[in-house]
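Trainee: Let me give you the structure first, and then I'll get to my questions.
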Amino acid sequence: MRLEEESAVVRDAISAEYADLVVAVTELGSPTTLMVILAVLFWCGSRRRSALVISYGVAGLGFILALETLLGLPRPPESVYLTSIDVEGYGFPSGHAFASVVVYGGLVSAYDRLRDPVALLGAGALVVAVSLSRVVLGVHYLGDVVVGAILGVAFVTAMSRVSRGMPTVGFAVALALAIPAVYVTGAAAYAVLALGAAIGGLLTTGWIDRLPRLRSRLEGAVLVAVGITVIVALRIVETIVDVTPLLVALYAVLVAWIVFAPALVDRVGGTILGSPGADS
């Protein structure tokens with residue numbers, strides 16, 4: 001079922017000298033990278049559609065963590081790893097493959113690009129690259145990533161139908177999935193992240209339509225720079241907080257920051273320029 005022999009063929013196709021490149025590719029499916037990508041799209045693109053995909057990602061995180069834990073299948077042995085890499089959790093199905101489909105495929109769906117071959121090809125290429133990178137690194141078998149990707153497609157389809165284009169509904173589903181994930185995983189770090197992010201999204205996404213629009217490309221660049229800086233700062237704070245309720249609150253603040261950053265930058269920018277903010 002996990003295609004161990006086929007996985008060995010994939011691993012043998014890439015030598016260790018390309019390890020850094022493979023690690024860079026696999027990061028395109030990591031929660032932190034996906035969070036930053038979605039945050040930038042939220043700040044500079046369609047906020048409602050981007051927020052919807054953020055809710056997909058948060059809901060998916062809770063779902064896949066609970067499923068992996070319940071199945072309890074181990075990763076491949078460390079002896080086959082391409083390079084030294086820290087990995088946590090179980091091996092089946094692949095969370096990176098699942099998350100890549102949920103986010104990149106979710107963006108194609110939310111932005112109504114399902115009939116656009118370029119968008120489909122781009123999202124598909126990212127999913128395949130991330131999925132194969134996990135096999136090449138040796139942290140998953142080929143069957144793990146195939147099943148993860150298939151589950152991702154089914155999950156995006158289900159979330160699209162249930163949420164009906166409303167981010168608040170998406171975050172409500174995320175909360176419903178995060179609570180059991182925290183219990184099943186024993187409050188694992190990413191399960192706590194899912195819980196806090198779901199709460200933050202549920203409390204803040206009702207304000208999306210009231211947020212000011214960008215007035216210039218310069219303001220957009222400032223928003224992205226300031227926004228990412230605060231995200232990085234919050235992730236640093238995360239490393240020194242070890243109390244679960246405080247971490248839940250921190251992750252809720254993280255999502256709240258993503259939502260409200262445009263209003264803050266607009267207000268500050270208007271003050272500096274001596275003109276009222278766009279939301280005044």
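Chains: A, B, ... in order of the structure tokens. Residues: from 1 per chain. Ligands: from 1, in order shown.
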Write out as a Markdown table a residue-level contact list of segment 69-183 of chain A versus segment 13-24 of chain A with cut-off 7 Å: for each qualifying residue the closest pair of atoms and the distance in Å to one decimal, counting only C-alpha atoms, rows sorted by chain and residue number upward.
Mentor:
| residue | atom | partner | partner_atom | distance |
| --- | --- | --- | --- | --- |
| A:Leu82 | CA | A:Ala16 | CA | 5.9 |
| A:Thr83 | CA | A:Ala19 | CA | 6.4 |
| A:Ser133 | CA | A:Val22 | CA | 5.6 |
| A:Val136 | CA | A:Ile14 | CA | 6.9 |
Trainee: Hey, what's within 10 Å of Ser84 of chain A if we count only C-alpha atoms and toss same-chain stuff fewer than 3 positions away? As a ChimeraX atom specification, please?
Mentor: /A:19,78,81,87,137
Trainee: Taking all heavy atoms for each residue, export the selection above as a tab-separated table (two decimals), in the first residue's frame.
Mentor:
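Produced file part07.tsv, reproduced below:
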chain	number	residue	atom	x	y	z
A	19	ALA	N	20.71	17.81	-1.99
A	19	ALA	CA	19.88	17.80	-0.78
A	19	ALA	C	19.33	19.18	-0.44
A	19	ALA	O	18.15	19.32	-0.09
A	19	ALA	CB	20.69	17.25	0.40
A	78	GLU	N	15.33	6.16	9.42
A	78	GLU	CA	16.25	7.28	9.20
A	78	GLU	C	17.42	6.91	8.30
A	78	GLU	O	18.05	7.80	7.71
A	78	GLU	CB	16.75	7.81	10.54
A	78	GLU	CG	15.68	8.49	11.37
A	78	GLU	CD	16.26	9.16	12.61
A	78	GLU	OE1	17.49	9.34	12.68
A	78	GLU	OE2	15.47	9.50	13.52
A	81	TYR	N	17.16	8.44	4.85
A	81	TYR	CA	17.03	9.88	4.69
A	81	TYR	C	18.16	10.42	3.81
A	81	TYR	O	19.33	10.03	3.98
A	81	TYR	CB	17.05	10.58	6.04
A	81	TYR	CG	15.79	10.42	6.87
A	81	TYR	CD1	14.80	9.50	6.51
A	81	TYR	CD2	15.59	11.17	8.01
A	81	TYR	CE1	13.65	9.35	7.27
A	81	TYR	CE2	14.44	11.02	8.79
A	81	TYR	CZ	13.48	10.10	8.42
A	81	TYR	OH	12.35	9.95	9.18
A	87	VAL	N	12.01	15.78	11.59
A	87	VAL	CA	10.61	15.54	11.23
A	87	VAL	C	9.88	15.02	12.46
A	87	VAL	O	10.45	14.34	13.30
A	87	VAL	CB	10.47	14.52	10.07
A	87	VAL	CG1	10.95	15.12	8.77
A	87	VAL	CG2	11.23	13.24	10.38
A	137	LEU	N	13.60	12.89	0.04
A	137	LEU	CA	14.22	13.10	1.34
A	137	LEU	C	14.18	11.84	2.20
A	137	LEU	O	14.94	11.70	3.16
A	137	LEU	CB	13.52	14.24	2.09
A	137	LEU	CG	13.84	15.66	1.61
A	137	LEU	CD1	12.95	16.68	2.32
A	137	LEU	CD2	15.31	16.00	1.84
Trainee: Report the distance between atom CA of Ala8 of chain A and atom CA of Val145 of chain A in Å, rounded to one decimal place.
Mentor: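 Separating atom CA of Ala8 of chain A from atom CA of Val145 of chain A is a distance of 14.0 Å.
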Trainee: Have a look at A:Leu3, A:Val153, A:Leu193, A:Val80 and name the one nearest to Gly138 of chain A; count only C-alpha atoms.
Mentor: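 Closest to Gly138 of chain A of all the choices is A:Val80.
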Trainee: Which residue out of A:Ile240, A:Ala221, A:Ile231, A:Leu71 has the minimum interatomic distance to Val255 of chain A when only C-alpha atoms are used?
Mentor: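 Checking each of A:Ile240, A:Ala221, A:Ile231, A:Leu71 against Val255 of chain A, counting only C-alpha atoms, the winner is A:Ile231.
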Trainee: Which residues are near Val108 of chain A? Cut-off 9 Å, only C-alpha atoms, ignore same chain within fewer than 5 positions. Put them as a ChimeraX atom specification.
Mentor: /A:103,113-114,116,119-120,123
Trainee: So, counting only C-alpha atoms, which residue among A:Pro117, A:Pro76, A:Gly57, A:Gly122 is closest to Gly95 of chain A?
Mentor: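 Among the listed residues, A:Gly57 lies closest to Gly95 of chain A.
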Trainee: Please compute the atom CA of Gly165 of chain A-atom CA of Ile208 of chain A distance, one decimal, in Å.
Mentor: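 Going from atom CA of Gly165 of chain A over to atom CA of Ile208 of chain A, I get 13.1 Å.
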Trainee: If you measure from atom CA of Leu202 of chain A to atom CA of Trp43 of chain A, what distance in Å do you get, rounded to one decimal?
Mentor: 18.0 Å
Trainee: Restricting the calculation to only C-alpha atoms, which member of A:Leu151, A:Leu223, A:Ala189, A:Leu70 is positioned closest to Val102 of chain A?
Mentor: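 Of A:Leu151, A:Leu223, A:Ala189, A:Leu70, the one nearest Val102 of chain A is A:Leu151, counting only C-alpha atoms.
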Trainee: Excluding Gly152 of chain A and any residue of its chain fewer than 3 positions from it, enumerate the residues within 7 Å of it, using only C-alpha atoms, and give them as a list in words.
Mentor: Phe98, Ala99, Val101, Val102, Gly148, Ala149, Phe155 and Val156 of chain A
Trainee: Keeping only N, CA, C and O atoms, take the residues you just selected and write them out as a compact mmCIF listing (two decimals), in the first residue's frame.
Mentor:
# COMPACT_ATOMS: atom_id res chain seq x y z
N PHE A 98 -0.74 16.64 1.27
CA PHE A 98 -2.12 17.05 1.55
C PHE A 98 -2.24 18.57 1.60
O PHE A 98 -3.11 19.17 0.96
N ALA A 99 -1.35 19.23 2.36
CA ALA A 99 -1.41 20.68 2.53
C ALA A 99 -1.18 21.41 1.21
O ALA A 99 -1.80 22.44 0.94
N VAL A 101 -1.96 20.39 -1.81
CA VAL A 101 -3.20 20.33 -2.59
C VAL A 101 -4.25 21.26 -2.01
O VAL A 101 -4.93 22.00 -2.76
N VAL A 102 -4.38 21.27 -0.69
CA VAL A 102 -5.40 22.09 -0.04
C VAL A 102 -5.16 23.57 -0.32
O VAL A 102 -6.10 24.32 -0.62
N GLY A 148 -2.02 11.25 0.38
CA GLY A 148 -2.15 12.61 0.90
C GLY A 148 -2.73 13.56 -0.14
O GLY A 148 -3.61 14.37 0.16
N ALA A 149 -2.25 13.45 -1.38
CA ALA A 149 -2.74 14.31 -2.45
C ALA A 149 -4.20 14.02 -2.78
O ALA A 149 -5.01 14.94 -2.98
N PHE A 155 -10.74 16.89 0.18
CA PHE A 155 -10.96 17.86 1.25
C PHE A 155 -11.33 19.23 0.68
O PHE A 155 -12.25 19.89 1.18
N VAL A 156 -10.61 19.68 -0.34
CA VAL A 156 -10.93 20.98 -0.96
C VAL A 156 -12.34 20.97 -1.54
O VAL A 156 -13.11 21.94 -1.39
Trainee: Between A:Ser7, A:Ser50, A:Thr239, A:Thr32, which has the minimum distance to Thr205 of chain A (counting only C-alpha atoms)?
Mentor: A:Ser50
Trainee: Return the single residue from A:Glu219, A:Asp12, A:Glu68, A:Glu88 that is closest to Ala181 of chain A, with distances computed using only C-alpha atoms.
Mentor: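 Of all the options, A:Glu68 lies closest to Ala181 of chain A.
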Trainee: Enumerate the residues of segment 35-234 of chain A with a DSSP assignment of alpha helix (DSSP H), computed from the backbone, and present them as a PyMOL selection string.
Mentor: chain A and resi 35-44+47-71+95-100+106-110+117-137+142-163+167-185+189-204+217-234
Trainee: For Ser163 of chain A, list every protein, DNA or RNA residue within 10 Å, evaluated using only C-alpha atoms, and leave out those in the same chain fewer than 4 positions away; present the list as a ChimeraX atom specification.
Mentor: /A:52,55-56,158-159,167-173
Trainee: Might you pull out every residue within 12 Å of Ala187 of chain A, with only C-alpha atoms counted and same-chain residues fewer than 3 positions away left off, and present them as a PDB file with N, CA and C atoms, in the first residue's frame?
Mentor:
ATOM      1  N   GLY A  62      -5.912  20.489  11.078  1.00  0.00           N
ATOM      2  CA  GLY A  62      -6.530  19.702  12.141  1.00  0.00           C
ATOM      3  C   GLY A  62      -6.930  18.317  11.663  1.00  0.00           C
ATOM      4  N   LEU A  65      -3.717  15.979  10.900  1.00  0.00           N
ATOM      5  CA  LEU A  65      -2.999  15.604  12.115  1.00  0.00           C
ATOM      6  C   LEU A  65      -3.747  14.514  12.878  1.00  0.00           C
ATOM      7  N   ALA A  66      -5.054  14.687  12.998  1.00  0.00           N
ATOM      8  CA  ALA A  66      -5.854  13.680  13.700  1.00  0.00           C
ATOM      9  C   ALA A  66      -5.816  12.350  12.959  1.00  0.00           C
ATOM     10  N   THR A  69      -2.413  10.584  13.333  1.00  0.00           N
ATOM     11  CA  THR A  69      -2.244  10.045  14.684  1.00  0.00           C
ATOM     12  C   THR A  69      -3.090   8.810  14.901  1.00  0.00           C
ATOM     13  N   ALA A 178     -10.273  21.121  14.721  1.00  0.00           N
ATOM     14  CA  ALA A 178      -9.084  21.355  15.544  1.00  0.00           C
ATOM     15  C   ALA A 178      -9.258  20.839  16.965  1.00  0.00           C
ATOM     16  N   ILE A 179     -10.450  20.970  17.516  1.00  0.00           N
ATOM     17  CA  ILE A 179     -10.682  20.548  18.902  1.00  0.00           C
ATOM     18  C   ILE A 179     -10.386  19.053  19.088  1.00  0.00           C
ATOM     19  N   PRO A 180     -10.946  18.164  18.266  1.00  0.00           N
ATOM     20  CA  PRO A 180     -10.588  16.749  18.426  1.00  0.00           C
ATOM     21  C   PRO A 180      -9.130  16.472  18.070  1.00  0.00           C
ATOM     22  N   ALA A 181      -8.552  17.260  17.147  1.00  0.00           N
ATOM     23  CA  ALA A 181      -7.143  17.058  16.787  1.00  0.00           C
ATOM     24  C   ALA A 181      -6.242  17.316  17.981  1.00  0.00           C
ATOM     25  N   VAL A 182      -6.554  18.350  18.761  1.00  0.00           N
ATOM     26  CA  VAL A 182      -5.769  18.649  19.962  1.00  0.00           C
ATOM     27  C   VAL A 182      -5.860  17.479  20.940  1.00  0.00           C
ATOM     28  N   TYR A 183      -7.044  16.922  21.087  1.00  0.00           N
ATOM     29  CA  TYR A 183      -7.235  15.796  22.009  1.00  0.00           C
ATOM     30  C   TYR A 183      -6.515  14.542  21.517  1.00  0.00           C
ATOM     31  N   VAL A 184      -6.712  14.209  20.248  1.00  0.00           N
ATOM     32  CA  VAL A 184      -6.150  12.973  19.694  1.00  0.00           C
ATOM     33  C   VAL A 184      -4.624  13.001  19.703  1.00  0.00           C
ATOM     34  N   TYR A 190       1.293  21.572  16.101  1.00  0.00           N
ATOM     35  CA  TYR A 190       0.500  22.016  14.955  1.00  0.00           C
ATOM     36  C   TYR A 190      -1.003  21.908  15.223  1.00  0.00           C
ATOM     37  N   ALA A 191      -1.406  20.996  16.087  1.00  0.00           N
ATOM     38  CA  ALA A 191      -2.818  20.913  16.453  1.00  0.00           C
ATOM     39  C   ALA A 191      -3.228  22.147  17.250  1.00  0.00           C
ATOM     40  N   VAL A 192      -2.348  22.587  18.140  1.00  0.00           N
ATOM     41  CA  VAL A 192      -2.603  23.814  18.902  1.00  0.00           C
ATOM     42  C   VAL A 192      -2.640  25.014  17.957  1.00  0.00           C
ATOM     43  N   LEU A 193      -1.740  25.005  16.962  1.00  0.00           N
ATOM     44  CA  LEU A 193      -1.754  26.067  15.949  1.00  0.00           C
ATOM     45  C   LEU A 193      -3.097  26.095  15.234  1.00  0.00           C
ATOM     46  N   ALA A 194      -3.592  24.926  14.845  1.00  0.00           N
ATOM     47  CA  ALA A 194      -4.880  24.852  14.149  1.00  0.00           C
ATOM     48  C   ALA A 194      -6.004  25.401  15.010  1.00  0.00           C
ATOM     49  N   LEU A 195      -5.981  25.073  16.305  1.00  0.00           N
ATOM     50  CA  LEU A 195      -7.028  25.546  17.209  1.00  0.00           C
ATOM     51  C   LEU A 195      -6.992  27.065  17.353  1.00  0.00           C
ATOM     52  N   GLY A 196      -5.816  27.608  17.620  1.00  0.00           N
ATOM     53  CA  GLY A 196      -5.702  29.057  17.780  1.00  0.00           C
ATOM     54  C   GLY A 196      -6.046  29.804  16.505  1.00  0.00           C
ATOM     55  N   ASP A 242       5.515  27.998  26.323  1.00  0.00           N
ATOM     56  CA  ASP A 242       5.257  26.559  26.406  1.00  0.00           C
ATOM     57  C   ASP A 242       3.977  26.225  27.168  1.00  0.00           C
ATOM     58  N   VAL A 243       3.116  27.220  27.329  1.00  0.00           N
ATOM     59  CA  VAL A 243       1.826  27.013  27.981  1.00  0.00           C
ATOM     60  C   VAL A 243       0.757  26.951  26.895  1.00  0.00           C
ATOM     61  N   THR A 244       0.062  25.829  26.815  1.00  0.00           N
ATOM     62  CA  THR A 244      -0.866  25.614  25.703  1.00  0.00           C
ATOM     63  C   THR A 244      -1.921  26.709  25.539  1.00  0.00           C
ATOM     64  N   PRO A 245      -2.612  27.149  26.593  1.00  0.00           N
ATOM     65  CA  PRO A 245      -3.599  28.216  26.404  1.00  0.00           C
ATOM     66  C   PRO A 245      -2.988  29.500  25.846  1.00  0.00           C
ATOM     67  N   LEU A 247      -0.339  29.625  23.889  1.00  0.00           N
ATOM     68  CA  LEU A 247      -0.045  29.366  22.481  1.00  0.00           C
ATOM     69  C   LEU A 247      -1.304  29.485  21.620  1.00  0.00           C
ATOM     70  N   VAL A 248      -2.414  28.980  22.140  1.00  0.00           N
ATOM     71  CA  VAL A 248      -3.684  29.121  21.413  1.00  0.00           C
ATOM     72  C   VAL A 248      -3.992  30.602  21.189  1.00  0.00           C
TER      73      VAL A 248
END
Trainee: Using only C-alpha atoms, what table do you get, as a tab-separated table, when you list each residue of segment 213-270 of chain A with an atom no more than 12 Å from segment 33-39 of chain A, its nearest pair of atoms, and their distance in Å rounded to one decimal, rows by chain then rising number?
Mentor:
residue	atom	partner	partner_atom	distance
A:Leu223	CA	A:Ala39	CA	10.5
A:Val224	CA	A:Ala39	CA	8.4
A:Ala225	CA	A:Val36	CA	11.2
A:Val226	CA	A:Ala39	CA	11.7
A:Gly227	CA	A:Ala39	CA	8.2
A:Ile228	CA	A:Val36	CA	7.1
A:Thr229	CA	A:Val36	CA	10.5
A:Val230	CA	A:Val36	CA	11.1
A:Ile231	CA	A:Val36	CA	8.1
A:Val232	CA	A:Val36	CA	9.5
A:Arg235	CA	A:Met35	CA	11.5
A:Tyr251	CA	A:Met35	CA	11.8
A:Leu254	CA	A:Met35	CA	10.2
A:Val255	CA	A:Ala39	CA	9.0
A:Ala256	CA	A:Ala39	CA	11.1
A:Trp257	CA	A:Ala39	CA	9.7
A:Ile258	CA	A:Ala39	CA	6.1
A:Val259	CA	A:Ala39	CA	8.4
A:Phe260	CA	A:Ala39	CA	11.1
A:Ala261	CA	A:Ala39	CA	9.9
A:Pro262	CA	A:Ala39	CA	10.9
